[in-house]
Each structure stands twice: as C-alpha cells, then as structure tokens.
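K.L.:
upload15.pdb is reproduced below (PDB, C-alpha atoms).
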```
ATOM      1  CA  MET Z 128       0.845 -13.566   5.206
ATOM      2  CA  MET Z 129       3.925 -15.105   6.807
ATOM      3  CA  LEU Z 130       2.174 -14.662  10.160
ATOM      4  CA  PHE Z 131      -0.963 -16.152   8.587
ATOM      5  CA  GLU Z 132       1.065 -19.252   7.699
ATOM      6  CA  GLU Z 133       2.224 -19.420  11.313
ATOM      7  CA  GLY Z 134      -1.398 -19.637  12.450
ATOM      8  CA  LYS Z 135      -1.414 -16.217  14.114
ATOM      9  CA  PHE Z 136      -4.750 -15.253  12.527
ATOM     10  CA  LEU Z 137      -7.356 -16.206   9.937
ATOM     11  CA  LEU Z 138      -8.266 -13.938   7.055
ATOM     12  CA  ASP Z 139     -11.863 -13.552   8.158
ATOM     13  CA  ASP Z 140     -11.013 -12.751  11.769
ATOM     14  CA  PRO Z 141     -12.323  -9.341  12.832
ATOM     15  CA  ILE Z 142      -9.438  -6.906  13.213
ATOM     16  CA  SER Z 143     -10.936  -5.912  16.591
ATOM     17  CA  LYS Z 144      -9.825  -9.306  17.904
ATOM     18  CA  TYR Z 145      -6.273  -7.950  17.806
ATOM     19  CA  ILE Z 146      -6.833  -4.170  17.850
ATOM     20  CA  PRO Z 147      -9.858  -3.610  20.149
ATOM     21  CA  GLU Z 148     -10.353   0.017  19.062
ATOM     22  CA  PHE Z 149     -11.910  -1.266  15.826
ATOM     23  CA  ALA Z 150     -14.766  -2.996  17.646
ATOM     24  CA  ASN Z 151     -18.330  -1.918  16.835
ATOM     25  CA  PRO Z 152     -17.461   0.138  13.721
ATOM     26  CA  ARG Z 153     -19.743   2.929  12.555
ATOM     27  CA  ILE Z 154     -20.423   4.443   9.133
ATOM     28  CA  LEU Z 155     -20.325   8.159   8.314
ATOM     29  CA  ASP Z 156     -23.879   9.455   7.850
ATOM     30  CA  GLN Z 157     -24.252  13.244   8.017
ATOM     31  CA  PHE Z 158     -21.248  15.581   7.729
ATOM     32  CA  ASN Z 159     -21.127  19.310   8.538
ATOM     33  CA  GLU Z 160     -18.521  20.954   6.305
ATOM     34  CA  LYS Z 161     -18.419  24.116   8.428
ATOM     35  CA  ASP Z 162     -17.093  22.508  11.606
ATOM     36  CA  THR Z 163     -16.346  18.897  10.448
ATOM     37  CA  THR Z 164     -18.812  17.430  12.944
ATOM     38  CA  TYR Z 165     -20.681  14.350  11.826
ATOM     39  CA  THR Z 166     -23.192  11.677  12.706
ATOM     40  CA  THR Z 167     -22.861   7.939  12.189
ATOM     41  CA  ILE Z 168     -24.891   4.776  11.845
ATOM     42  CA  PRO Z 169     -23.834   1.283  12.984
ATOM     43  CA  ALA Z 170     -21.914  -0.898  10.532
ATOM     44  CA  ASN Z 171     -23.573  -4.105   9.404
ATOM     45  CA  ARG Z 172     -20.571  -6.136  10.532
ATOM     46  CA  GLU Z 173     -17.004  -5.945  11.806
ATOM     47  CA  ILE Z 174     -13.995  -5.237   9.584
ATOM     48  CA  THR Z 175     -12.077  -8.420   8.778
ATOM     49  CA  ILE Z 176      -8.411  -8.821   7.966
ATOM     50  CA  ARG Z 177      -9.468  -9.848   4.451
ATOM     51  CA  ASP Z 178     -11.292  -6.502   4.129
ATOM     52  CA  LEU Z 179      -8.066  -4.705   4.988
ATOM     53  CA  LEU Z 180      -5.976  -6.706   2.519
ATOM     54  CA  THR Z 181      -8.482  -5.985  -0.259
ATOM     55  CA  HIS Z 182      -9.175  -2.304   0.565
ATOM     56  CA  THR Z 183     -12.870  -3.026   1.060
ATOM     57  CA  SER Z 184     -13.031  -2.131   4.767
ATOM     58  CA  GLY Z 185     -14.439   1.368   4.304
ATOM     59  CA  ILE Z 186     -11.274   3.013   5.678
ATOM     60  CA  ASP Z 187     -10.267   5.948   3.473
ATOM     61  CA  TYR Z 188      -6.899   7.654   2.924
ATOM     62  CA  ALA Z 189      -5.566  10.780   4.604
ATOM     63  CA  VAL Z 190      -4.411  13.515   2.162
ATOM     64  CA  ILE Z 191      -5.513  11.703  -1.036
ATOM     65  CA  GLY Z 192      -8.869  10.302   0.081
ATOM     66  CA  SER Z 193     -12.382  11.755  -0.168
ATOM     67  CA  GLU Z 194     -12.902  15.324   1.030
ATOM     68  CA  LYS Z 195     -15.065  14.450   4.029
ATOM     69  CA  MET Z 196     -12.826  11.669   5.300
ATOM     70  CA  ARG Z 197      -9.690  13.769   4.772
ATOM     71  CA  ALA Z 198     -11.198  16.424   7.033
ATOM     72  CA  ILE Z 199     -12.115  13.867   9.707
ATOM     73  CA  TYR Z 200      -8.654  12.290   9.622
ATOM     74  CA  ALA Z 201      -6.904  15.683   9.708
ATOM     75  CA  LYS Z 202      -8.908  16.735  12.768
ATOM     76  CA  SER Z 203      -7.793  13.556  14.548
ATOM     77  CA  GLY Z 204      -4.168  13.839  13.413
ATOM     78  CA  ILE Z 205      -4.174  10.714  11.223
ATOM     79  CA  PRO Z 206      -1.173  10.870   8.831
ATOM     80  CA  SER Z 207      -0.874   9.528   5.299
ATOM     81  CA  GLY Z 208       2.284   7.558   6.063
ATOM     82  CA  PHE Z 209       5.062   9.910   4.953
ATOM     83  CA  VAL Z 210       5.955  11.141   8.409
ATOM     84  CA  SER Z 211       8.920  13.047   9.838
ATOM     85  CA  ASP Z 212       7.386  13.613  13.279
ATOM     86  CA  LYS Z 213       8.277  11.490  16.310
ATOM     87  CA  ILE Z 214       5.009   9.569  16.483
ATOM     88  CA  LEU Z 215       4.188   5.874  16.642
ATOM     89  CA  LEU Z 216       2.134   3.761  14.245
ATOM     90  CA  GLY Z 217       0.198   2.066  17.038
ATOM     91  CA  ASP Z 218      -0.995   5.344  18.544
ATOM     92  CA  LYS Z 219      -2.401   6.586  15.249
ATOM     93  CA  ILE Z 220      -3.957   3.265  14.223
ATOM     94  CA  ARG Z 221      -5.758   2.953  17.557
ATOM     95  CA  ALA Z 222      -7.089   6.483  17.013
ATOM     96  CA  LEU Z 223      -8.141   5.557  13.470
ATOM     97  CA  GLY Z 224     -10.107   2.612  14.843
ATOM     98  CA  LYS Z 225     -12.446   4.972  16.677
ATOM     99  CA  LEU Z 226     -13.283   7.030  13.571
ATOM    100  CA  PRO Z 227     -16.183   6.399  11.166
ATOM    101  CA  LEU Z 228     -15.905   4.385   7.964
ATOM    102  CA  LYS Z 229     -16.697   5.765   4.524
ATOM    103  CA  HIS Z 230     -18.995   2.838   3.721
ATOM    104  CA  GLN Z 231     -20.055  -0.575   4.954
ATOM    105  CA  PRO Z 232     -17.262  -3.191   5.168
ATOM    106  CA  GLY Z 233     -17.133  -5.260   1.988
ATOM    107  CA  GLU Z 234     -19.465  -2.915   0.113
ATOM    108  CA  ARG Z 235     -16.915  -1.536  -2.357
ATOM    109  CA  PHE Z 236     -13.225  -0.949  -3.056
ATOM    110  CA  THR Z 237     -11.794   2.191  -1.443
ATOM    111  CA  TYR Z 238      -8.031   2.618  -1.489
ATOM    112  CA  GLY Z 239      -7.206   3.641   2.057
ATOM    113  CA  LEU Z 240      -5.036   3.294   5.145
ATOM    114  CA  ASN Z 241      -5.767  -0.420   5.346
ATOM    115  CA  VAL Z 242      -2.144  -1.518   4.991
ATOM    116  CA  ASP Z 243      -1.103   0.844   7.785
ATOM    117  CA  VAL Z 244      -3.589  -1.008  10.006
ATOM    118  CA  LEU Z 245      -2.053  -4.297   8.850
ATOM    119  CA  GLY Z 246       1.403  -2.941   9.659
ATOM    120  CA  TYR Z 247       0.315  -2.398  13.242
ATOM    121  CA  LEU Z 248      -1.261  -5.870  13.236
ATOM    122  CA  VAL Z 249       2.176  -7.280  12.375
ATOM    123  CA  GLU Z 250       3.612  -5.443  15.382
ATOM    124  CA  VAL Z 251       0.883  -6.760  17.678
ATOM    125  CA  LEU Z 252       1.227 -10.374  16.535
ATOM    126  CA  SER Z 253       5.021 -10.507  16.274
ATOM    127  CA  GLY Z 254       6.006  -8.397  19.268
ATOM    128  CA  GLU Z 255       8.454  -6.533  17.016
ATOM    129  CA  SER Z 256       8.305  -3.062  15.515
ATOM    130  CA  LEU Z 257       7.455  -3.154  11.819
ATOM    131  CA  ASP Z 258      10.933  -2.059  10.741
ATOM    132  CA  GLN Z 259      12.528  -4.822  12.839
ATOM    133  CA  TYR Z 260      10.123  -7.450  11.514
ATOM    134  CA  PHE Z 261      10.697  -6.495   7.891
ATOM    135  CA  GLN Z 262      14.459  -6.390   8.323
ATOM    136  CA  LYS Z 263      14.687  -9.758  10.065
ATOM    137  CA  HIS Z 264      12.088 -11.754   8.159
ATOM    138  CA  ILE Z 265      12.078 -10.228   4.652
ATOM    139  CA  PHE Z 266      14.962  -7.914   3.798
ATOM    140  CA  GLU Z 267      17.848  -9.952   5.237
ATOM    141  CA  PRO Z 268      16.688 -13.337   3.819
ATOM    142  CA  LEU Z 269      16.158 -11.823   0.359
ATOM    143  CA  GLY Z 270      19.341  -9.736   0.391
ATOM    144  CA  MET Z 271      17.423  -6.461   0.133
ATOM    145  CA  THR Z 272      20.220  -4.246   1.456
ATOM    146  CA  ASP Z 273      18.810  -0.919   0.206
ATOM    147  CA  THR Z 274      15.306  -0.904   1.683
ATOM    148  CA  TYR Z 275      14.478   1.170   4.773
ATOM    149  CA  PHE Z 276      11.782   3.211   6.434
ATOM    150  CA  TYR Z 277      14.388   5.857   7.272
ATOM    151  CA  LEU Z 278      17.752   5.831   5.524
ATOM    152  CA  PRO Z 279      21.064   5.473   7.348
ATOM    153  CA  SER Z 280      23.112   8.678   7.037
ATOM    154  CA  SER Z 281      25.669   6.879   4.871
ATOM    155  CA  LYS Z 282      23.026   6.580   2.118
ATOM    156  CA  PHE Z 283      21.487  10.060   2.301
ATOM    157  CA  ASP Z 284      23.209  11.149  -0.922
ATOM    158  CA  ARG Z 285      21.508   8.330  -2.849
ATOM    159  CA  LEU Z 286      17.952   9.497  -2.184
ATOM    160  CA  VAL Z 287      16.469  10.623  -5.489
ATOM    161  CA  THR Z 288      15.066  14.160  -5.577
ATOM    162  CA  VAL Z 289      11.277  14.466  -5.693
ATOM    163  CA  TYR Z 290       9.948  16.740  -8.445
ATOM    164  CA  THR Z 291       6.681  18.473  -9.164
ATOM    165  CA  GLU Z 292       5.612  20.635 -12.129
ATOM    166  CA  ASP Z 293       5.373  24.364 -12.817
ATOM    167  CA  ASP Z 294       2.420  25.916 -14.681
ATOM    168  CA  LYS Z 295       4.007  24.867 -17.997
ATOM    169  CA  HIS Z 296       4.388  21.254 -16.837
ATOM    170  CA  HIS Z 297       8.155  21.552 -16.527
ATOM    171  CA  PRO Z 298       9.744  19.588 -13.654
ATOM    172  CA  VAL Z 299      10.846  21.573 -10.598
ATOM    173  CA  LYS Z 300      11.978  20.387  -7.187
ATOM    174  CA  ALA Z 301       9.130  19.549  -4.833
ATOM    175  CA  THR Z 302       8.753  20.999  -1.345
ATOM    176  CA  ASP Z 303       6.801  19.926   1.722
ATOM    177  CA  GLN Z 304       3.970  22.115   0.396
ATOM    178  CA  THR Z 305       3.705  20.158  -2.875
ATOM    179  CA  VAL Z 306       1.501  17.477  -1.346
ATOM    180  CA  PRO Z 307      -0.098  18.741   1.894
ATOM    181  CA  GLY Z 308       0.710  16.417   4.766
ATOM    182  CA  VAL Z 309       3.586  14.721   2.943
ATOM    183  CA  SER Z 310       7.218  15.446   3.842
ATOM    184  CA  VAL Z 311       9.204  14.815   0.637
ATOM    185  CA  ASN Z 312      12.461  14.254   2.535
ATOM    186  CA  PHE Z 313      11.033  12.133   5.349
ATOM    187  CA  PRO Z 314      13.487   9.248   4.717
ATOM    188  CA  LEU Z 315      16.340  11.522   5.865
ATOM    189  CA  VAL Z 316      15.184  11.902   9.472
ATOM    190  CA  GLU Z 317      15.519   9.499  12.383
ATOM    191  CA  GLY Z 318      11.828   8.727  12.273
ATOM    192  CA  THR Z 319       9.726   6.403  14.402
ATOM    193  CA  TYR Z 320       6.574   6.055  12.265
ATOM    194  CA  PHE Z 321       6.798   2.749  10.394
ATOM    195  CA  SER Z 322       3.885   3.054   7.987
ATOM    196  CA  GLY Z 323       2.773  -0.258   6.575
ATOM    197  CA  GLY Z 324       1.181   1.420   3.570
ATOM    198  CA  GLY Z 325       3.685   3.973   2.347
ATOM    199  CA  GLY Z 326       6.805   4.439   4.418
ATOM    200  CA  LEU Z 327       9.491   2.387   2.699
ATOM    201  CA  SER Z 328      12.219   3.719   0.427
ATOM    202  CA  SER Z 329      13.930   1.227  -1.845
ATOM    203  CA  THR Z 330      15.651   0.646  -5.174
ATOM    204  CA  VAL Z 331      14.493  -0.960  -8.394
ATOM    205  CA  LYS Z 332      16.839  -3.895  -7.737
ATOM    206  CA  ASP Z 333      15.569  -4.532  -4.206
ATOM    207  CA  TYR Z 334      11.892  -4.358  -5.102
ATOM    208  CA  ALA Z 335      12.480  -6.484  -8.200
ATOM    209  CA  THR Z 336      13.944  -9.101  -5.861
ATOM    210  CA  PHE Z 337      10.787  -8.999  -3.739
ATOM    211  CA  LEU Z 338       8.568  -9.385  -6.817
ATOM    212  CA  GLN Z 339      10.742 -12.199  -8.141
ATOM    213  CA  MET Z 340      10.198 -14.046  -4.850
ATOM    214  CA  LEU Z 341       6.453 -13.842  -5.426
ATOM    215  CA  LEU Z 342       6.829 -14.829  -9.092
ATOM    216  CA  ASN Z 343       8.809 -17.845  -7.845
ATOM    217  CA  LYS Z 344       5.831 -18.842  -5.663
ATOM    218  CA  GLY Z 345       7.399 -17.644  -2.414
ATOM    219  CA  GLU Z 346      11.098 -18.557  -2.827
ATOM    220  CA  TYR Z 347      14.225 -16.671  -3.883
ATOM    221  CA  ASN Z 348      17.832 -17.874  -3.951
ATOM    222  CA  GLY Z 349      17.039 -20.834  -1.749
ATOM    223  CA  LYS Z 350      15.170 -18.737   0.839
ATOM    224  CA  ARG Z 351      11.462 -19.554   1.145
ATOM    225  CA  LEU Z 352       9.281 -16.867   2.689
ATOM    226  CA  LEU Z 353       5.842 -18.149   1.701
ATOM    227  CA  SER Z 354       4.311 -21.385   0.512
ATOM    228  CA  ARG Z 355       3.227 -21.805  -3.097
ATOM    229  CA  ARG Z 356      -0.422 -21.969  -2.070
ATOM    230  CA  THR Z 357      -0.245 -18.740  -0.071
ATOM    231  CA  VAL Z 358       1.161 -16.856  -3.067
ATOM    232  CA  GLU Z 359      -1.684 -18.289  -5.152
ATOM    233  CA  LEU Z 360      -4.108 -16.977  -2.514
ATOM    234  CA  ILE Z 361      -2.495 -13.521  -2.643
ATOM    235  CA  THR Z 362      -2.810 -13.359  -6.435
ATOM    236  CA  THR Z 363      -6.396 -14.668  -6.660
ATOM    237  CA  ASN Z 364      -9.489 -12.465  -6.970
ATOM    238  CA  GLN Z 365     -10.542 -11.694  -3.408
ATOM    239  CA  ILE Z 366     -13.237  -9.064  -4.069
ATOM    240  CA  GLY Z 367     -15.858 -11.267  -5.725
ATOM    241  CA  ASP Z 368     -18.177  -9.316  -8.004
ATOM    242  CA  LEU Z 369     -16.586  -5.965  -7.177
ATOM    243  CA  ASN Z 370     -14.301  -4.498  -9.836
ATOM    244  CA  LEU Z 371     -11.212  -2.321 -10.137
ATOM    245  CA  GLY Z 372     -11.730  -0.980 -13.632
ATOM    246  CA  ARG Z 373     -11.579  -4.109 -15.782
ATOM    247  CA  ASP Z 374      -9.566  -5.935 -13.140
ATOM    248  CA  LYS Z 375      -9.905  -7.516  -9.718
ATOM    249  CA  PHE Z 376      -7.928  -7.243  -6.486
ATOM    250  CA  GLY Z 377      -6.162  -9.970  -4.522
ATOM    251  CA  LEU Z 378      -4.539  -9.714  -1.113
ATOM    252  CA  GLY Z 379      -2.567  -6.528  -1.728
ATOM    253  CA  PHE Z 380      -2.283  -6.465  -5.527
ATOM    254  CA  GLN Z 381      -4.387  -5.546  -8.537
ATOM    255  CA  ILE Z 382      -5.004  -8.722 -10.547
ATOM    256  CA  THR Z 383      -5.287  -8.578 -14.343
ATOM    257  CA  THR Z 384      -8.393 -10.327 -15.657
ATOM    258  CA  LYS Z 385      -9.077 -11.804 -19.095
ATOM    259  CA  ASN Z 386     -10.888  -8.565 -19.926
ATOM    260  CA  GLY Z 387      -8.133  -6.431 -18.423
ATOM    261  CA  GLN Z 388      -5.324  -8.024 -20.443
ATOM    262  CA  ALA Z 389      -6.740  -6.367 -23.555
ATOM    263  CA  VAL Z 390      -5.709  -2.903 -22.323
ATOM    264  CA  LEU Z 391      -1.889  -2.935 -22.562
ATOM    265  CA  GLY Z 392      -0.837  -6.538 -22.878
ATOM    266  CA  PHE Z 393      -0.506  -7.731 -19.275
ATOM    267  CA  SER Z 394      -1.213 -11.451 -19.207
ATOM    268  CA  GLU Z 395      -4.243 -12.625 -17.269
ATOM    269  CA  GLY Z 396      -3.115 -13.279 -13.700
ATOM    270  CA  SER Z 397      -0.456 -10.552 -13.641
ATOM    271  CA  PHE Z 398      -0.289  -8.638 -10.357
ATOM    272  CA  SER Z 399       0.592  -4.978  -9.985
ATOM    273  CA  TRP Z 400       0.304  -1.666  -8.165
ATOM    274  CA  GLY Z 401       2.207   1.621  -7.865
ATOM    275  CA  GLY Z 402       3.114   4.566  -5.676
ATOM    276  CA  ILE Z 403       2.092   8.197  -5.270
ATOM    277  CA  LEU Z 404       5.349   9.548  -6.744
ATOM    278  CA  GLY Z 405       5.012   7.829 -10.110
ATOM    279  CA  THR Z 406       6.362   4.370  -9.316
ATOM    280  CA  ILE Z 407       4.715   1.453 -11.120
ATOM    281  CA  TYR Z 408       5.451  -2.268 -11.155
ATOM    282  CA  TRP Z 409       3.958  -5.538 -12.253
ATOM    283  CA  ALA Z 410       4.829  -9.211 -12.400
ATOM    284  CA  ASP Z 411       3.568 -11.384 -15.249
ATOM    285  CA  PRO Z 412       3.600 -15.116 -14.349
ATOM    286  CA  LYS Z 413       2.802 -16.262 -17.887
ATOM    287  CA  GLU Z 414       5.658 -14.355 -19.529
ATOM    288  CA  ARG Z 415       7.929 -14.636 -16.439
ATOM    289  CA  LEU Z 416       8.394 -10.871 -16.302
ATOM    290  CA  VAL Z 417       9.148  -8.521 -13.423
ATOM    291  CA  CYS Z 418       8.847  -4.913 -14.584
ATOM    292  CA  LEU Z 419       9.386  -1.696 -12.662
ATOM    293  CA  MET Z 420       9.485   1.995 -13.488
ATOM    294  CA  PHE Z 421      10.350   4.455 -10.714
ATOM    295  CA  ILE Z 422       9.614   8.160 -11.273
ATOM    296  CA  GLN Z 423       9.904  10.636  -8.411
ATOM    297  CA  GLN Z 424       7.321  13.221  -9.458
ATOM    298  CA  PHE Z 425       3.900  14.451  -8.295
ATOM    299  CA  PRO Z 426       1.742  15.309 -10.097
ATOM    300  CA  LEU Z 427       2.803  13.571 -13.290
ATOM    301  CA  SER Z 428       0.959  15.149 -16.221
ATOM    302  CA  HIS Z 429       2.931  13.043 -18.706
ATOM    303  CA  SER Z 430       1.664   9.786 -17.258
ATOM    304  CA  GLU Z 431       1.454   8.342 -20.768
ATOM    305  CA  ILE Z 432       5.117   7.424 -20.281
ATOM    306  CA  GLN Z 433       3.941   4.640 -17.989
ATOM    307  CA  GLY Z 434       1.655   3.196 -20.656
ATOM    308  CA  LYS Z 435       4.384   3.500 -23.271
ATOM    309  CA  PHE Z 436       6.806   1.644 -21.008
ATOM    310  CA  LYS Z 437       4.312  -1.198 -20.694
ATOM    311  CA  ALA Z 438       3.782  -1.295 -24.462
ATOM    312  CA  LEU Z 439       7.547  -1.322 -25.097
ATOM    313  CA  VAL Z 440       8.058  -4.261 -22.753
ATOM    314  CA  TYR Z 441       5.504  -6.449 -24.491
ATOM    315  CA  GLN Z 442       6.432  -5.514 -28.059
ATOM    316  CA  ALA Z 443       9.960  -6.715 -27.282
ATOM    317  CA  LEU Z 444       8.824 -10.292 -26.626
ATOM    318  CA  ASN Z 445       9.876 -12.648 -29.378
ATOM    319  CA  ASP Z 446       9.024 -16.323 -29.172
TER     320      ASP Z 446
END
```
What does the file become when written as structure tokens?
P.N.:
Amino acid sequence: MMLFEEGKFLLDDPISKYIPEFANPRILDQFNEKDTTYTTIPANREITIRDLLTHTSGIDYAVIGSEKMRAIYAKSGIPSGFVSDKILLGDKIRALGKLPLKHQPGERFTYGLNVDVLGYLVEVLSGESLDQYFQKHIFEPLGMTDTYFYLPSSKFDRLVTVYTEDDKHHPVKATDQTVPGVSVNFPLVEGTYFSGGGGLSSTVKDYATFLQMLLNKGEYNGKRLLSRRTVELITTNQIGDLNLGRDKFGLGFQITTKNGQAVLGFSEGSFSWGGILGTIYWADPKERLVCLMFIQQFPLSHSEIQGKFKALVYQALND
C-alpha cells in the first residue's frame, strides 16, 4: 500500500500487468486423483490486485489448502512459505501464475498464496528483494529490530521452540514431519525465499509496534508510513456481499462487523488475523487496543485459550 500511494499501481489493475504469467487465467474443471492431471475452463476475468489483497482471487494454499489444489501445487513445487531451500520467490510465483485457479476471481473468499504473489509484486515494482524493502521502508522507520525472514546467528537462541501434541494432547517438540512441507526451524538457515505470506519471524513487541502504526492511522513515533485515508481503505469491507463468518475482509485483515462484535466483544471496525502456529492479534480502534497472543504449537486442540484471552481483555475494561 506504500507503493500504491506512490502511484505504482491501482487496486483494480490486473496482476498480469506486472507479472505476465498470470495472464489469461483458467479455472480447475475436472481433476484425476490417480495421476493429478486436470482440465480447465477459461476464467471470466483477470485477477486484480484487489482480489489478491482480499483472498478472492481463486488462488489456494499449498499444504493447508483444498486437497485437489494441494496436489497440483505439490506437483509443480509450489511451497507454503516456510522454506529452507535455496529457491527464489519470483521463480515460484511465476510458476504459480501458470496453474489453474480454484474458482472464478471475485467469486468467494479462499485463503491462499495471494500475499506471496503480492510479495513478488513488491519486488517487481520496487526493484528490491522483499527482505530489503521491508527492512528499509518498514522495520527501520518503526524501530522493529527483531523482525526477519531468516534470523542472524546472534539471535538463534531466542527462537521459540515449536510444539505439537501427542495422542493425549500433551505438548511435544515438533519436527519437520509435523506439518508436511513446513520446516519448523526455517528461520535458522541462510534462506533466500522471502515469502510475503508467511516467512517472517518476529516478537510481540515488534508486531505490536506495527499494529500501533495502523491504529494511529499510518504513523508511529513521528514516522509516517501511510496516509490516514489509506489505512481507512485497508480496514474497510472490500469483499462486498461475501462473508467471513459474521465478518468481512479488508485489504489484508478480517474486519469485525456489527454482527461480529457480538461474538467475543471486539468493537465493530476492529481488524485482526493470525498465524498457523497459534498466533492471534487484533487492533480495536474504538477501545484503542492492540492485543497479541503468540503460541508456537500446531495443532492446538486447546484453542479455547484464544477465546478466553479475548474475553479477559474486554472484561478488564473499566470506564
């Protein structure tokens, strides 16, 4: 969105304008489970940048997506984002652009590799690798000194252990076999895959700073990254009549609706999301709250702890 403010693109530009491999998209039609071959039909229209920001493009997720699309992505070597191998984001995103979509662009919400595509878009438009762009234009201005795609060796001992569960739901250390296709210790290698959708490691303090910048309408400690109006655009319903449970989706965040605020107390207009290893966060503009809970575990059978954390935060408010 910083590049959007610089006039580098418009939200309804087709992504193929900048990444030609996404031109003339096609939709998955018939799929043969025995050999993963498939047929396609033409898409009704091109994928736009707005589609990517709202996860309505029809791009699915590797590893955690639908069974058919997981098989197609695996056959083409499309990663989920947690990568230890010496591969490049651009190579994989260009390959992704030639693969079929799960559904027509704009038809419905499908959480997928959209932000990885946007990460490569940042590289194309800025002329910098995604790690360099983030460091120069976001992390340094905000003082986020503990956020990296791959950790420097001096901080290896601070990486929190990832856990999974045994058959009695007791926590045990995870391995690279816990989540197929996901390397649990990928931040400890000298990697080259800067995944826009899932590659960063950070701390509660650093990510709270980022959320506070957005809560402050684009400014933090005298450093302005975005205009007030752009932040309002990011946190406005961008999926029309489509729904995400009781809520809507903006440009990268779930947006709490009037109906959705009845669930656990989030104020209408709060924006939120989370991560695969149990991390959750939200920012509540009405109550001026930035709330984060980081848990390094997959799967998390006791996910009620997340709901209880949310309830505890709001019961503590006292006007």
K.L.:
Translate the PyMOL selection byres ((chain Z and resi 360-377) around 8), as applied to the file shown, into an explicit residue set as number ranges by chain.
P.N.:
Z: 180-181, 183, 235-236, 356-359, 378-384, 386-387, 396, 398
K.L.:
Taking into account all atoms listed in the file, which residue in the set Z:Tyr320, Z:Val417, Z:Gln442, Z:Lys435 is nearest to Phe209 (chain Z)?
P.N.:
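Looking only at the distances to Phe209 (chain Z), the closest residue turns out to be Z:Tyr320.
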K.L.:
May I have the centre and edge lengths, in Å to one decimal, of an axis-aligned box around the listed atoms of region 144-149 of chain Z with 3 Å added to every side, as AutoDock Vina command-line options?
P.N.:
```
--center_x -9.1 --center_y -4.6 --center_z 18.0 --size_x 11.6 --size_y 15.3 --size_z 10.3
```
K.L.:
Give as a list in words every residue, naming chains and numbers as the document does, that has an atom within 9 Å of (9.6, -13.3, 0.0), counting only C-alpha atoms.
P.N.:
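Every residue inside that radius is included here: His264, Ile265, Phe266, Pro268, Leu269, Thr336, Phe337, Leu338, Gln339, Met340, Leu341, Lys344, Gly345, Glu346, Tyr347, Lys350, Arg351, Leu352 and Leu353 of chain Z.
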K.L.:
One decimal, in Å: what's the spacing between CA of Leu138 (chain Z) and CA of Ile176 (chain Z)?
P.N.:
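A separation of 5.2 Å between them.
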K.L.:
Written as a list in words, which residues does the PyMOL selection byres ((chain Z and resi 143-145) around 9) give for the file shown?
P.N.:
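Applying the expression gives Asp140, Pro141, Ile142, Ile146, Pro147, Glu148, Phe149, Ala150, Asn151, Glu173, Ile174, Thr175, Gly224, Leu248, Val251 and Leu252 of chain Z.
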K.L.:
Going by the chain IDs and residue numbers used in this file, which residues fall under the PyMOL selection byres ((chain Z and resi 167) around 10)? Write them as a PyMOL selection string.
P.N.:
chain Z and resi 152-158+165-166+168-170+226-228
K.L.:
Give me the residues within 8 Å of Pro426 (chain Z) as number ranges by chain, counting all atoms listed in the file and dropping any in the same chain fewer than 3 places off.
P.N.:
Z: 291-292, 404
K.L.:
Which residues are close to Phe421 (chain Z), i.e. within 10 Å by all atoms listed in the file, leaving aside same-chain residues fewer than 4 positions away? Reply as a tab-separated table (two decimals) with C-alpha atoms, in the coordinates of the input.
P.N.:
```
chain	number	residue	atom	x	y	z
Z	330	THR	CA	15.65	0.65	-5.17
Z	331	VAL	CA	14.49	-0.96	-8.39
Z	401	GLY	CA	2.21	1.62	-7.86
Z	402	GLY	CA	3.11	4.57	-5.68
Z	404	LEU	CA	5.35	9.55	-6.74
Z	405	GLY	CA	5.01	7.83	-10.11
Z	406	THR	CA	6.36	4.37	-9.32
Z	407	ILE	CA	4.72	1.45	-11.12
Z	408	TYR	CA	5.45	-2.27	-11.16
Z	433	GLN	CA	3.94	4.64	-17.99
```
K.L.:
Set the distance at 10 Å and use all atoms listed in the file: which residues neighbour Ile199 (chain Z) once local chain neighbours fewer than 3 positions away are removed? I'd like the list as a ChimeraX atom specification.
P.N.:
/Z:158,163-165,189,194-196,202-205,223,226-227
K.L.:
Can you write out the residues you just picked, keeping C-alpha atoms, as a JSON list (two decimals), in the coordinates of the input?
P.N.:
```
[["chain", "number", "residue", "atom", "x", "y", "z"],
["Z", 158, "PHE", "CA", -21.25, 15.58, 7.73],
["Z", 163, "THR", "CA", -16.35, 18.90, 10.45],
["Z", 164, "THR", "CA", -18.81, 17.43, 12.94],
["Z", 165, "TYR", "CA", -20.68, 14.35, 11.83],
["Z", 189, "ALA", "CA", -5.57, 10.78, 4.60],
["Z", 194, "GLU", "CA", -12.90, 15.32, 1.03],
["Z", 195, "LYS", "CA", -15.06, 14.45, 4.03],
["Z", 196, "MET", "CA", -12.83, 11.67, 5.30],
["Z", 202, "LYS", "CA", -8.91, 16.74, 12.77],
["Z", 203, "SER", "CA", -7.79, 13.56, 14.55],
["Z", 204, "GLY", "CA", -4.17, 13.84, 13.41],
["Z", 205, "ILE", "CA", -4.17, 10.71, 11.22],
["Z", 223, "LEU", "CA", -8.14, 5.56, 13.47],
["Z", 226, "LEU", "CA", -13.28, 7.03, 13.57],
["Z", 227, "PRO", "CA", -16.18, 6.40, 11.17]]
```
K.L.:
Take the point (9.8, -4.5, 18.0) in the file's coordinates, draw a sphere of radius 12 Å around it, and report as a VMD selection string every protein, DNA or RNA residue with an atom inside or on it, counting only C-alpha atoms.
P.N.:
chain Z and resid 215 to 217 246 to 247 249 to 263 319 321
K.L.:
Limited to C-alpha atoms, could you put the picked residues into a file as a PDB file, in the frame of the given file?
P.N.:
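Now in out25.pdb:
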```pdb
ATOM      1  CA  LEU Z 215       4.188   5.874  16.642  1.00  0.00           C
ATOM      2  CA  LEU Z 216       2.134   3.761  14.245  1.00  0.00           C
ATOM      3  CA  GLY Z 217       0.198   2.066  17.038  1.00  0.00           C
ATOM      4  CA  GLY Z 246       1.403  -2.941   9.659  1.00  0.00           C
ATOM      5  CA  TYR Z 247       0.315  -2.398  13.242  1.00  0.00           C
ATOM      6  CA  VAL Z 249       2.176  -7.280  12.375  1.00  0.00           C
ATOM      7  CA  GLU Z 250       3.612  -5.443  15.382  1.00  0.00           C
ATOM      8  CA  VAL Z 251       0.883  -6.760  17.678  1.00  0.00           C
ATOM      9  CA  LEU Z 252       1.227 -10.374  16.535  1.00  0.00           C
ATOM     10  CA  SER Z 253       5.021 -10.507  16.274  1.00  0.00           C
ATOM     11  CA  GLY Z 254       6.006  -8.397  19.268  1.00  0.00           C
ATOM     12  CA  GLU Z 255       8.454  -6.533  17.016  1.00  0.00           C
ATOM     13  CA  SER Z 256       8.305  -3.062  15.515  1.00  0.00           C
ATOM     14  CA  LEU Z 257       7.455  -3.154  11.819  1.00  0.00           C
ATOM     15  CA  ASP Z 258      10.933  -2.059  10.741  1.00  0.00           C
ATOM     16  CA  GLN Z 259      12.528  -4.822  12.839  1.00  0.00           C
ATOM     17  CA  TYR Z 260      10.123  -7.450  11.514  1.00  0.00           C
ATOM     18  CA  PHE Z 261      10.697  -6.495   7.891  1.00  0.00           C
ATOM     19  CA  GLN Z 262      14.459  -6.390   8.323  1.00  0.00           C
ATOM     20  CA  LYS Z 263      14.687  -9.758  10.065  1.00  0.00           C
ATOM     21  CA  THR Z 319       9.726   6.403  14.402  1.00  0.00           C
ATOM     22  CA  PHE Z 321       6.798   2.749  10.394  1.00  0.00           C
TER      23      PHE Z 321
END
```
K.L.:
Which value, in Å to one decimal, gives the distance between CA of His230 (chain Z) and CA of Leu245 (chain Z)?
P.N.:
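Interatomic distance, CA of His230 (chain Z) to CA of Leu245 (chain Z): 19.1 Å.
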